Each structure stands twice: as structure tokens, then as C-alpha cells.
Number of protein chains: 2
Amino acid sequence: MEHETDDLLPEGLEDRLPREAAAATRAMRSVLGAMDAHGYDRVRPPLIEFEQSLSQRMQGVSTRRMVRFTDPASLRTLALRSDMTVQVGRISATSLAGAPRPLRLCYAGEVALLRADQLAPERQRLQMGAELIGSDSVAAASEIVRVALDALEQAGARAISVDFTLPDIVDVLAAEALPLKAEYVADVRRELDTKDAGGLAAIPGGDAYLPLLYATGPFGEAIEHLAELDAGGALASRIAGLREVASGIRERARLTLDPSERHGFEYQSWFGFTLYAENGRGALGRGGSYAIVGKDEPAMGFSLYLDQLLDVLDEPAEEANKLFCPVGHDAERAAALRAEGWRTVAALSDSDDARALGCTHRLNGGAVEQL
Amino acid sequence: MEHETDDLLPEGLEDRLPREAAAATRAMRSVLGAMDAHGYDRVRPPLIEFEQSLSQRMQGVSTRRMVRFTDPASLRTLALRSDMTVQVGRISATSLAGAPRPLRLCYAGEVALLRADQLAPERQRLQMGAELIGSDSVAAASEIVRVALDALEQAGARAISVDFTLPDIVDVLAAEALPLKAEYVADVRRELDTKDAGGLAAIPGGDAYLPLLYATGPFGEAIEHLAELDAGGALASRIAGLREVASGIRERARLTLDPSERHGFEYQSWFGFTLYAENGRGALGRGGSYAIVGKDEPAMGFSLYLDQLLDVLDEPAEEANKLFCPVGHDAERAAALRAEGWRTVAALSDSDDARALGCTHRLNGGAVEQL
């Protein structure tokens with residue numbers, strides 16, 4: 001990546017110079033194109049909202065990391081968006097409350113954080129995603145996972161993995177199958193998060209949850225383990241749902257299951273998934289089922305982050321058709337060549353150097369000559 | 001335009017809902033495409049920079065309207081960008097200081113203001129533009145004006161007008177042809193700005209500038225007036241430059257001249273222009289010659305604002321090819337149709353209503369049927 005090396009810019013903020021900016025534009029258009037092809041209409045919410053409006057929709061997730069300032073017009077606190085999903089939720093619950101369901105919306109835009117964290121040093125990210133509002137059914141889950149795969153594939157990602165999870169699994173089991181006092185639910189979740197068998201066994205009723213630690217790995221085997229564990233059938237509909245979603249994409253991605261994984265799924269309900277690709281340093285994105293805040297309307301969606309996606313894409317081929325047009329060239333001919341897809345670079349003076357300017361061809365009279 | 005009507009969002013900030021968001025994306029891609037075709041490489045600077053770095057490059061223009069906050073990492077003041085031109089200038093003077101000249105860069109992105117003003121109530125604008133760095137010659141001016149016209153035409157703007165100005169005209173005349181004490185230069189500029197003949201005549205030496213008020217209007221006549229006024233030839237190179245720029249675009253736009261117009265040209269040097277189109281409420285954009293702050297390198301560029309551009313474009317035709325795919329449809333056939341350019345909408349259940357969801361066609365077996 002071409003990045004600033006000095007301290008011209010604040011920590012966690014960077015310029016994308018021409019090569020990387022072009023790759024970013026290409027990848028973003030591929031992702032938007034895939035979502036558009038599945039009938040998702042793009043919306044463009046603003047960079048800035050009332051802090052209260054954003055934070056109440058974020059259900060407490062990382063609102064402390066938002067950039068805040070006082071609005072001189074309203075004297076209320078404004079914030080820079082740190083997540084566009086909540087903005088799409090707001091639109092679906094207000095301006096588009098009357099639009100027919102299921103409502104398909106997509107977005108792509110910059111989000112910003114006041115503070116970086118160690119795992120994600122960037123303070124500005126380009127977030128892209130799709131939200132299917134009005135359903136959290138298995139059919140909706142299948143569609144969202146397929147749209148996410150199309151988006152990644154069309155951007156050029158290869159060897160994609162999908163890791164499924166059941167974000168509310170502990171709540172479901174605690175209520176129905178593996179009795180747990182309410183006061184211990186959070187402890188069990190925490191020990192499962194850190195995959196700490198000893199800690200889990202030390203919680204009253206926690207040892208019943210130990211098998212969840214082993215129902216992980218390649219999807220086919222892990223889902224069998226999970227089904228065995230679910231003797232009472234509390235998870236039956238979830239397991240059937242996962243099997244159905246998986247069956248539709250088995251040939252397109254490597255599938256794994258980590259049923260108690262909750263990191264990044266703080267507000268998801270029954271279904272969640274994380275996307276990875278070959279050579280990626282981390283997840284490319286996440287998705288799952290949730291409820292729109294305020295309306296309690298079911299929804300399903302996913303988000304991708306452009307930097308993570310660019311990391312797994314091949315370097316683009318060098319530009320092939322950049323045409324130098326010398327002083328006094330035929331402007332109409334140059335315009336016709338642009339209409340055919342050529343990029344032209346017009347000389348401003350006789351001293352302009354075609355090769356130094358990155359040109360591959362030169363206009364000589366009406367003819368295009370290779371340099 | 002589809003806009004929020006209640007107070008969900010702060011004053012001057014709006015959602016672009018699907019129809020307007022699609023128009024915005026189309027117009028932005030057309031503008032970027034035109035700039036790219038002329039060899040301008042896109043750069044993507046960050047939303048946030050050090051306030052000091054932005055403001056010193058803005059030469060005092062409207063920095064008071066920037067959103068500012070303290071960086072918890074550096075404890076320095078950061079600001080949201082209110083103009084991307086200065087960011088491109090920074091890149092050209094730092095990361096791309098060693099790139100061959102002329103350097104052609106373009107950009108498109110959101111800029112934000114803390115306060116709206118009466119003429120421009122928006123606090124967020126999508127700015128797009130091109131900068132030609134390393135020259136402020138007549139050839140550079142001609143190219144920049146032509147790229148701007150291509151961008152507007154390809155976005156669909158019609159009946160475009162270009163209003164030329166000579167931002168430094170008073171300085172040039174005061175130094176060479178129409179002597180003016182240094183203390184009165186600002187007064188003369190101010191009276192010319194307000195086109196106040198009485199005020200101008202009341203300034204010692206100001207009456208000599210009265211003819212500038214009449215060298216305005218359609219380009220052909222106004223440039224003749226200006227040439228007559230310029231008996232000593234102080235403006236000769238500027239007048240010849242304007243004539244040359246104008247001759248290249250005479251058939252593409254209505255041309256006017258207002259040689260002492262300075263509004264929006266606070267940091268331009270010899271050449272400036274404002275772009276208008278039929279039905280527009282105001283300018284679509286501006287451009288001209290300037291010097292990169294710090295390096296004092298000559299440059300030429302223009303900026304357009306998306307909202308102003310969208311205002312002059314025709315409403316897009318209704319979407320034509322949205323294909324409803326019922327439950328149990330052939331997924332491979334649907335994928336093949338998407339690859340052909342269809343947008344598909346997959347039913348999640350038998351109760352999904354193709355017409356309510358805006359579909360124009362329906363997949364029946366392998367066949368596409370009109371609804």
C-alpha cells in the first residue's frame with residue numbers, strides 16, 4: 001500500500017494515493033454492483049447525526065469511540081457516524097417506514113472513530129453493506145449470505161470462508177435446555193468467549209455448556225456435534241436453519257461453525273456469520289439477524305470493510321491504454337478515442353514527457369502508436 | 001428531491017433516499033469518468049486532518065466554519081475537511097512531490113461545515129474536482145475548462161454557461177496602468193465587488209476603474225471593452241489568454257465575462273471561471289489558477305458540487321428491468337440474468353408481492369415475463 005510515512009496526518013488516518021485509490025474505487029463499485037443486482041437500493045445517509053439518535057440505535061456498542069461536538073445551531077451534541085447500519089435502520093423505521101417489505105437497502109461510505117484500538121488502528125474506514133428489512137427468516141439469511149459472497153467474489157476475493165455462529169445460543173439453552181440462573185448467564189457467555197473450559201466448569205450449571213466448546217470447526221462435523229448436544233431440541237430450528245443456509249453455498253466457500261462466538265455479534269439474534277478470505281489478516285466482514293431499534297422489526301444484513309477487502313485482492317495489472325496527445329493534436333480525434341475508453345494526457349508544452357507521465361501510447365496525426 | 005421533513009436529522013444534513021442516491025451515484029461516476037478519461041488520477045484523502053494543516057493551506061478562507069475537536073492521541077486539534085482542494089494540494093506537495101509534472105489529480109468526497117450560511121444551508125456537500133499541478137499556463141486553463149465541460153455534459157447538464165474572471169485584475173492595474181495607493185486597493189476591490197460606481201468614484205484614483213464595471217456581459221463584447229480599457233497593455237497577456245481559452249469552447253457553452261468578479265476566487269491568480277447550467281439556482285462550480293501553498297507551485301483546477309449539479313439534471317427514467325424471482329426459482333438462471341444486467345428480487349415467501357416491490361418482470365420457469 002502507498003501510505004504517508006511522516007506525521008503529515010493524524011495517527012490512523014491516511015491518504016489513498018492513485019494506485020490504491022483506483023483499487024478502492026474498483027472494489028467498492030464491484031461490491032455495490034453485486035448488491036444492486038440483488039435488488040438492494042442504495043441510500044446515502046449523512047456523515048453527521050445527533051449523537052443521541054446514533055447511540056440509542058447502537059445499543060451501547062462502542063459509542064464512546066465516536067467523534068462528538070456541539071451543534072451551534074441546535075446546541076445539541078452531534079457525532080460523526082461510526083457505523084452506517086444504524087443509519088439504514090433509522091431510515092427504514094422513519095422515511096421508509098411505509099415502503100413495502102421486505103425492504104432491501106445498501107450503503108457504502110466513510111465511518112470515523114475518535115480513538116483507534118490495537119487490533120484496528122484505522123480511525124476512518126469505508127464500510128459497505130446490505131440490509132434486508134422485514135424478515136429474519138432462513139430464506140433471508142440464505143439471501144444475505146449469498147449477496148455477501150457475490151460481492152466478495154465480484155470484487156476479486158478468492159478462497160472465501162464463512163464462519164457461522166448462533167449469537168443467542170446461551171440465552172436459548174439457559175431458558176429451555178440447560179438451566180442456568182439468570183445471574184450466571186453473562187459468566188457462561190464470557191467463559192465461552194474465551195474458550196475457558198476450567199472457568200466454565202467452575203460456574204454452577206456451567207459444566208453443561210462444555211460441549212459447546214467442541215461443537216466448533218468444519219461445518220459438517222460441528223453441526224453434528226451441536227445436534228447431538230441438543231437432545232431436547234431447543235436448538236432444532238436454528239440447526240435446521242444453519243443447515244439450509246450452508247447447503248446453498250457449500251460449493252462456493254469453506255464453511256465452519258463456532259456456535260458460541262459472540263465477538264462482533266453484540267446485537268445479533270439467532271444467526272450470525274463472519275467472512276474471511278485467503279491471505280486476509282482478519283475478517284472481511286460480518287452479518288446476521290437483528291431487530292431494528294425502536295420498531296423491533298426483524299432484519300438481516302452484512303457489512304464489509306474496504307481496507308480488509310483490499311488486503312486480500314491481487315495487485316491490479318498495470319494500466320494499459322494511456323495516450324499522450326502532443327501540442328496541436330486533433331482534439332476531436334482525442335475525444336473520439338476517450339469515448340472508446342482511452343485515457344488521454346494532453347501535452348501542455350513541447351517539453352512534456354510522454355513516458356514520464358506514464359503514457360503507453362502516443363497520438364501521431366490520427367494514428368495511435370505504441371511508445 | 002426526497003428529503004426528511006421532520007427533525008430526525010440536524011439542520012443542513014439530509015439522507016439521500018434511493019431515487020436521489022441513485023441519481024447522485026450516476027452523476028458522480030460521470031464526473032469521475034470524464035476526469036479519468038483526461039488522465040486525472042483519483043486520490044482519496046481522509047475526512048479528518050490536523051486543523052492547522054488544513055487551515056494554513058486554506059489561506060484564511062472560511063476556516064472558522066470547520067468542525068473541530070481534540071485528538072485524544074496527539075492532543076492536537078483535528079478538523080473535518082471543508083474543502084478537498086487543499087488536501088490535493090498537500091498531497092502534491094508531499095507524497096507526490098517527486099511525481100512528474102504536470103501532475104493530474106482528481107477527487108470526489110464529502111466535505112462538512114460546522115455552520116451553514118444563508119445562501120448554502122447544507123452542512124455537508126459532495127465536492128468533486130480536478131487539479132492540474134505544475135502549470136498555470138493558458139494551455140492548462142484551456143484543458144481545465146474543457147475537462148469541467150466534459151464532466152458536466154457527461155453527467156447530463158445542458159445549456160452550460162462559463163463566466164470568466166480575472167481575479168488579480170485590480171492588483172495588476174494598480175501596479176502598472178491605473179496607479180492606486182496601496183491603501184486604496186482593498187477599497188477599489190470592494191466597490192467593484194458590489195458594483196458601486198458612486199463608491200468607486202469617491203476613492204482617490206478609483207474613477208479610473210469605472211470602465212471595469214461596463215466590461216461585463218457576453219464574452220465577445222466584454223473582452224473588446226476590456227481591451228479598449230487596457231490602453232497600456234498591462235492586461236494584454238491575460239486578455240489574449242482569455243480569448244484563447246474561450247475560442248476552444250465557444251461552440252459548447254454560453255460565455256460571459258465579469259473581469260472583476262472575485263466572489264469564490266479568494267486565492268486564484270490570473271484566471272478564474274464559474275460554471276452555470278440551465279435551471280440552476282446558482283453556480284455548479286468554479287475553477288481557476290492558483291499557487292500550491294508552501295511550494296508556490298503553479299496549478300489550475302476546478303470544483304463541482306453534487307447537489308447543485310443534481311438540481312439541473314433531468315429526473316431519471318423509471319427503472320425498467322427489475323425481475324421478481326418466486327420461491328423455488330432456478331438460482332443459476334437468476335444469476336445468469338444478473339450477469340446480463342437484470343436486477344433480481346428473490347421472494348422470501350409466497351406472500352411477497354412482485355408489483356409492490358417495484359418489479360417489472362417475473363421469472364417463470366426459465367422465462368422472463370413482463371408484469
# chains A, B, ... in the order shown; residues from 1 in each chain; ligands from 1
call {"tool": "interface_residues", "arguments": {"of": "chain A", "to": "chain B", "cutoff": "8 Å", "atoms": "only C-alpha atoms", "output": "count of residues only"}}
result
57
call {"tool": "residues_around", "arguments": {"residues": "Pro179 of chain B", "least_positions_apart": "5", "cutoff": "10 Å", "atoms": "only C-alpha atoms", "output": "ChimeraX atom specification"}}
result
/B:171-174,185,204-206,208
call {"tool": "select_by_dssp", "arguments": {"residues": "segment 170-329 of chain B", "states": "helix (DSSP H, G or I)", "output": "PyMOL selection string"}}
result
chain B and resi 170-176+182-193+197-201+206-214+219-229+236-249+306-312
call {"tool": "select_by_dssp", "arguments": {"residues": "segment 18-117 of chain A", "states": "strand (DSSP E)", "output": "mmCIF file with C-alpha atoms, in the first residue's frame"}}
result
data_model
loop_
_atom_site.group_PDB
_atom_site.id
_atom_site.type_symbol
_atom_site.label_atom_id
_atom_site.label_comp_id
_atom_site.auth_asym_id
_atom_site.auth_seq_id
_atom_site.Cartn_x
_atom_site.Cartn_y
_atom_site.Cartn_z
ATOM 1 C CA ASP A 41 -31.310 0.182 -3.348
ATOM 2 C CA ARG A 42 -28.508 2.416 -2.185
ATOM 3 C CA ILE A 48 -23.099 13.628 10.954
ATOM 4 C CA GLU A 49 -26.183 12.990 13.103
ATOM 5 C CA PHE A 50 -27.488 13.794 16.552
ATOM 6 C CA ARG A 68 -18.580 14.349 19.147
ATOM 7 C CA PHE A 69 -19.040 18.113 19.012
ATOM 8 C CA THR A 70 -21.690 20.701 19.818
ATOM 9 C CA THR A 77 -24.394 17.106 20.648
ATOM 10 C CA LEU A 78 -23.629 15.854 17.165
ATOM 11 C CA ALA A 79 -21.468 12.860 16.269
ATOM 12 C CA LEU A 80 -19.651 11.547 13.246
ATOM 13 C CA LEU A 103 -37.129 -3.697 2.063
ATOM 14 C CA ARG A 104 -33.683 -4.066 0.500
ATOM 15 C CA LEU A 105 -31.227 -1.239 1.144
ATOM 16 C CA CYS A 106 -27.480 -0.953 0.708
ATOM 17 C CA TYR A 107 -24.829 1.621 1.507
ATOM 18 C CA ALA A 108 -21.154 2.456 1.152
ATOM 19 C CA GLY A 109 -19.429 5.293 2.932
ATOM 20 C CA GLU A 110 -16.795 6.502 5.313
ATOM 21 C CA VAL A 111 -17.184 5.998 9.051
ATOM 22 C CA ALA A 112 -14.888 7.514 11.671
#
call {"tool": "atom_distance", "arguments": {"atom1": "atom CA of Ala175 of chain B", "atom2": "atom CA of Asp193 of chain B"}}
result
19.3 Å
call {"tool": "atom_distance", "arguments": {"atom1": "atom CA of Asp307 of chain A", "atom2": "atom CA of Ser82 of chain B"}}
result
24.1 Å
call {"tool": "atom_distance", "arguments": {"atom1": "atom CA of Glu319 of chain A", "atom2": "atom CA of Thr360 of chain A"}}
result
8.5 Å
call {"tool": "residues_around", "arguments": {"residues": "segment 275-278 of chain A", "least_positions_apart": "5", "cutoff": "12 Å", "atoms": "only C-alpha atoms", "output": "PDB file with N, CA and C atoms, in the first residue's frame"}}
result
ATOM      1  N   VAL A 145     -26.333 -14.105   2.929  1.00  0.00           N
ATOM      2  CA  VAL A 145     -25.026 -14.757   2.801  1.00  0.00           C
ATOM      3  C   VAL A 145     -24.620 -14.847   1.321  1.00  0.00           C
ATOM      4  N   ARG A 146     -25.602 -15.159   0.468  1.00  0.00           N
ATOM      5  CA  ARG A 146     -25.270 -15.242  -0.963  1.00  0.00           C
ATOM      6  C   ARG A 146     -24.894 -13.892  -1.554  1.00  0.00           C
ATOM      7  N   ALA A 148     -23.528 -11.439   0.056  1.00  0.00           N
ATOM      8  CA  ALA A 148     -22.177 -11.137   0.566  1.00  0.00           C
ATOM      9  C   ALA A 148     -21.120 -11.895  -0.235  1.00  0.00           C
ATOM     10  N   LEU A 149     -21.396 -13.168  -0.541  1.00  0.00           N
ATOM     11  CA  LEU A 149     -20.432 -13.942  -1.334  1.00  0.00           C
ATOM     12  C   LEU A 149     -20.293 -13.369  -2.737  1.00  0.00           C
ATOM     13  N   ALA A 151     -20.723 -10.312  -3.616  1.00  0.00           N
ATOM     14  CA  ALA A 151     -19.988  -9.047  -3.500  1.00  0.00           C
ATOM     15  C   ALA A 151     -18.483  -9.308  -3.400  1.00  0.00           C
ATOM     16  N   LEU A 152     -18.103 -10.257  -2.536  1.00  0.00           N
ATOM     17  CA  LEU A 152     -16.680 -10.550  -2.368  1.00  0.00           C
ATOM     18  C   LEU A 152     -16.089 -11.147  -3.636  1.00  0.00           C
ATOM     19  N   GLU A 153     -16.816 -12.074  -4.257  1.00  0.00           N
ATOM     20  CA  GLU A 153     -16.291 -12.712  -5.473  1.00  0.00           C
ATOM     21  C   GLU A 153     -16.142 -11.692  -6.595  1.00  0.00           C
ATOM     22  N   ALA A 155     -15.637  -8.592  -6.367  1.00  0.00           N
ATOM     23  CA  ALA A 155     -14.515  -7.689  -6.082  1.00  0.00           C
ATOM     24  C   ALA A 155     -13.180  -8.385  -6.330  1.00  0.00           C
ATOM     25  N   GLY A 156     -13.214  -9.733  -6.431  1.00  0.00           N
ATOM     26  CA  GLY A 156     -11.984 -10.457  -6.726  1.00  0.00           C
ATOM     27  C   GLY A 156     -11.422 -11.269  -5.577  1.00  0.00           C
ATOM     28  N   ALA A 157     -12.151 -11.380  -4.462  1.00  0.00           N
ATOM     29  CA  ALA A 157     -11.673 -12.190  -3.339  1.00  0.00           C
ATOM     30  C   ALA A 157     -11.758 -13.665  -3.711  1.00  0.00           C
ATOM     31  N   ARG A 158     -10.775 -14.440  -3.240  1.00  0.00           N
ATOM     32  CA  ARG A 158     -10.768 -15.864  -3.545  1.00  0.00           C
ATOM     33  C   ARG A 158     -10.666 -16.677  -2.275  1.00  0.00           C
ATOM     34  N   ALA A 159     -11.035 -17.963  -2.379  1.00  0.00           N
ATOM     35  CA  ALA A 159     -10.939 -18.881  -1.242  1.00  0.00           C
ATOM     36  C   ALA A 159     -11.612 -18.279  -0.010  1.00  0.00           C
ATOM     37  N   ILE A 160     -12.889 -17.999  -0.182  1.00  0.00           N
ATOM     38  CA  ILE A 160     -13.647 -17.351   0.884  1.00  0.00           C
ATOM     39  C   ILE A 160     -14.093 -18.385   1.918  1.00  0.00           C
ATOM     40  N   SER A 161     -14.048 -18.004   3.195  1.00  0.00           N
ATOM     41  CA  SER A 161     -14.590 -18.842   4.268  1.00  0.00           C
ATOM     42  C   SER A 161     -15.749 -18.121   4.934  1.00  0.00           C
ATOM     43  N   VAL A 162     -16.743 -18.900   5.338  1.00  0.00           N
ATOM     44  CA  VAL A 162     -17.859 -18.349   6.113  1.00  0.00           C
ATOM     45  C   VAL A 162     -17.903 -19.106   7.433  1.00  0.00           C
ATOM     46  N   ASP A 163     -17.792 -18.364   8.522  1.00  0.00           N
ATOM     47  CA  ASP A 163     -17.841 -18.968   9.851  1.00  0.00           C
ATOM     48  C   ASP A 163     -19.188 -18.609  10.475  1.00  0.00           C
ATOM     49  N   PHE A 164     -20.030 -19.622  10.686  1.00  0.00           N
ATOM     50  CA  PHE A 164     -21.366 -19.372  11.238  1.00  0.00           C
ATOM     51  C   PHE A 164     -21.344 -19.353  12.758  1.00  0.00           C
ATOM     52  N   THR A 165     -22.288 -18.616  13.321  1.00  0.00           N
ATOM     53  CA  THR A 165     -22.455 -18.639  14.768  1.00  0.00           C
ATOM     54  C   THR A 165     -23.933 -18.496  15.109  1.00  0.00           C
ATOM     55  N   ARG A 252     -19.309 -22.863  -2.778  1.00  0.00           N
ATOM     56  CA  ARG A 252     -18.704 -21.560  -3.061  1.00  0.00           C
ATOM     57  C   ARG A 252     -17.744 -21.094  -1.978  1.00  0.00           C
ATOM     58  N   ALA A 253     -17.795 -21.732  -0.810  1.00  0.00           N
ATOM     59  CA  ALA A 253     -16.980 -21.228   0.298  1.00  0.00           C
ATOM     60  C   ALA A 253     -16.656 -22.370   1.253  1.00  0.00           C
ATOM     61  N   ARG A 254     -15.570 -22.189   1.991  1.00  0.00           N
ATOM     62  CA  ARG A 254     -15.230 -23.109   3.069  1.00  0.00           C
ATOM     63  C   ARG A 254     -16.094 -22.695   4.253  1.00  0.00           C
ATOM     64  N   LEU A 255     -16.818 -23.676   4.858  1.00  0.00           N
ATOM     65  CA  LEU A 255     -17.775 -23.347   5.914  1.00  0.00           C
ATOM     66  C   LEU A 255     -17.300 -23.896   7.245  1.00  0.00           C
ATOM     67  N   THR A 256     -17.396 -23.070   8.246  1.00  0.00           N
ATOM     68  CA  THR A 256     -17.061 -23.511   9.600  1.00  0.00           C
ATOM     69  C   THR A 256     -18.165 -23.052  10.549  1.00  0.00           C
ATOM     70  N   LEU A 257     -18.147 -23.629  11.754  1.00  0.00           N
ATOM     71  CA  LEU A 257     -19.153 -23.281  12.766  1.00  0.00           C
ATOM     72  C   LEU A 257     -18.437 -23.031  14.092  1.00  0.00           C
ATOM     73  N   GLY A 264     -18.340  -9.273  17.908  1.00  0.00           N
ATOM     74  CA  GLY A 264     -18.862  -8.622  16.711  1.00  0.00           C
ATOM     75  C   GLY A 264     -20.337  -8.903  16.480  1.00  0.00           C
ATOM     76  N   ALA A 283     -11.059 -10.692   9.640  1.00  0.00           N
ATOM     77  CA  ALA A 283     -12.349 -10.826   8.979  1.00  0.00           C
ATOM     78  C   ALA A 283     -12.528  -9.714   7.943  1.00  0.00           C
ATOM     79  N   LEU A 284     -13.175 -10.069   6.827  1.00  0.00           N
ATOM     80  CA  LEU A 284     -13.534  -9.065   5.812  1.00  0.00           C
ATOM     81  C   LEU A 284     -14.840  -8.378   6.172  1.00  0.00           C
ATOM     82  N   GLY A 285     -15.660  -9.083   6.955  1.00  0.00           N
ATOM     83  CA  GLY A 285     -16.946  -8.512   7.315  1.00  0.00           C
ATOM     84  C   GLY A 285     -17.754  -9.494   8.138  1.00  0.00           C
ATOM     85  N   ARG A 286     -18.932  -9.034   8.518  1.00  0.00           N
ATOM     86  CA  ARG A 286     -19.818  -9.832   9.377  1.00  0.00           C
ATOM     87  C   ARG A 286     -21.252  -9.560   8.999  1.00  0.00           C
ATOM     88  N   GLY A 287     -22.114 -10.499   9.403  1.00  0.00           N
ATOM     89  CA  GLY A 287     -23.530 -10.266   9.180  1.00  0.00           C
ATOM     90  C   GLY A 287     -24.366 -11.128  10.081  1.00  0.00           C
ATOM     91  N   GLY A 288     -25.686 -10.946   9.955  1.00  0.00           N
ATOM     92  CA  GLY A 288     -26.576 -11.771  10.757  1.00  0.00           C
ATOM     93  C   GLY A 288     -27.943 -11.147  10.909  1.00  0.00           C
ATOM     94  N   PHE A 302     -25.424  -7.524   6.310  1.00  0.00           N
ATOM     95  CA  PHE A 302     -23.982  -7.725   6.479  1.00  0.00           C
ATOM     96  C   PHE A 302     -23.247  -6.427   6.191  1.00  0.00           C
ATOM     97  N   SER A 303     -22.033  -6.338   6.750  1.00  0.00           N
ATOM     98  CA  SER A 303     -21.133  -5.216   6.476  1.00  0.00           C
ATOM     99  C   SER A 303     -19.776  -5.742   6.056  1.00  0.00           C
ATOM    100  N   LEU A 304     -19.152  -5.046   5.131  1.00  0.00           N
ATOM    101  CA  LEU A 304     -17.773  -5.323   4.730  1.00  0.00           C
ATOM    102  C   LEU A 304     -16.954  -4.064   4.967  1.00  0.00           C
ATOM    103  N   TYR A 305     -15.659  -4.229   5.159  1.00  0.00           N
ATOM    104  CA  TYR A 305     -14.764  -3.079   5.306  1.00  0.00           C
ATOM    105  C   TYR A 305     -13.739  -3.090   4.179  1.00  0.00           C
ATOM    106  N   GLN A 308      -9.910  -4.144   4.627  1.00  0.00           N
ATOM    107  CA  GLN A 308      -9.720  -5.582   4.806  1.00  0.00           C
ATOM    108  C   GLN A 308      -9.893  -6.302   3.467  1.00  0.00           C
ATOM    109  N   LEU A 309     -10.836  -5.818   2.658  1.00  0.00           N
ATOM    110  CA  LEU A 309     -11.067  -6.432   1.350  1.00  0.00           C
ATOM    111  C   LEU A 309      -9.868  -6.180   0.427  1.00  0.00           C
ATOM    112  N   LEU A 310      -9.369  -4.945   0.400  1.00  0.00           N
ATOM    113  CA  LEU A 310      -8.233  -4.621  -0.483  1.00  0.00           C
ATOM    114  C   LEU A 310      -7.019  -5.474  -0.137  1.00  0.00           C
ATOM    115  N   ASP A 311      -6.876  -5.798   1.152  1.00  0.00           N
ATOM    116  CA  ASP A 311      -5.738  -6.611   1.584  1.00  0.00           C
ATOM    117  C   ASP A 311      -5.702  -7.988   0.939  1.00  0.00           C
ATOM    118  N   VAL A 312      -6.863  -8.524   0.584  1.00  0.00           N
ATOM    119  CA  VAL A 312      -6.879  -9.895   0.054  1.00  0.00           C
ATOM    120  C   VAL A 312      -6.963  -9.918  -1.475  1.00  0.00           C
ATOM    121  N   LEU A 313      -7.041  -8.761  -2.110  1.00  0.00           N
ATOM    122  CA  LEU A 313      -7.155  -8.739  -3.569  1.00  0.00           C
ATOM    123  C   LEU A 313      -5.769  -8.701  -4.213  1.00  0.00           C
ATOM    124  N   ASP A 314      -5.678  -9.274  -5.399  1.00  0.00           N
ATOM    125  CA  ASP A 314      -4.422  -9.218  -6.137  1.00  0.00           C
ATOM    126  C   ASP A 314      -4.131  -7.779  -6.535  1.00  0.00           C
TER     127      ASP A 314
END
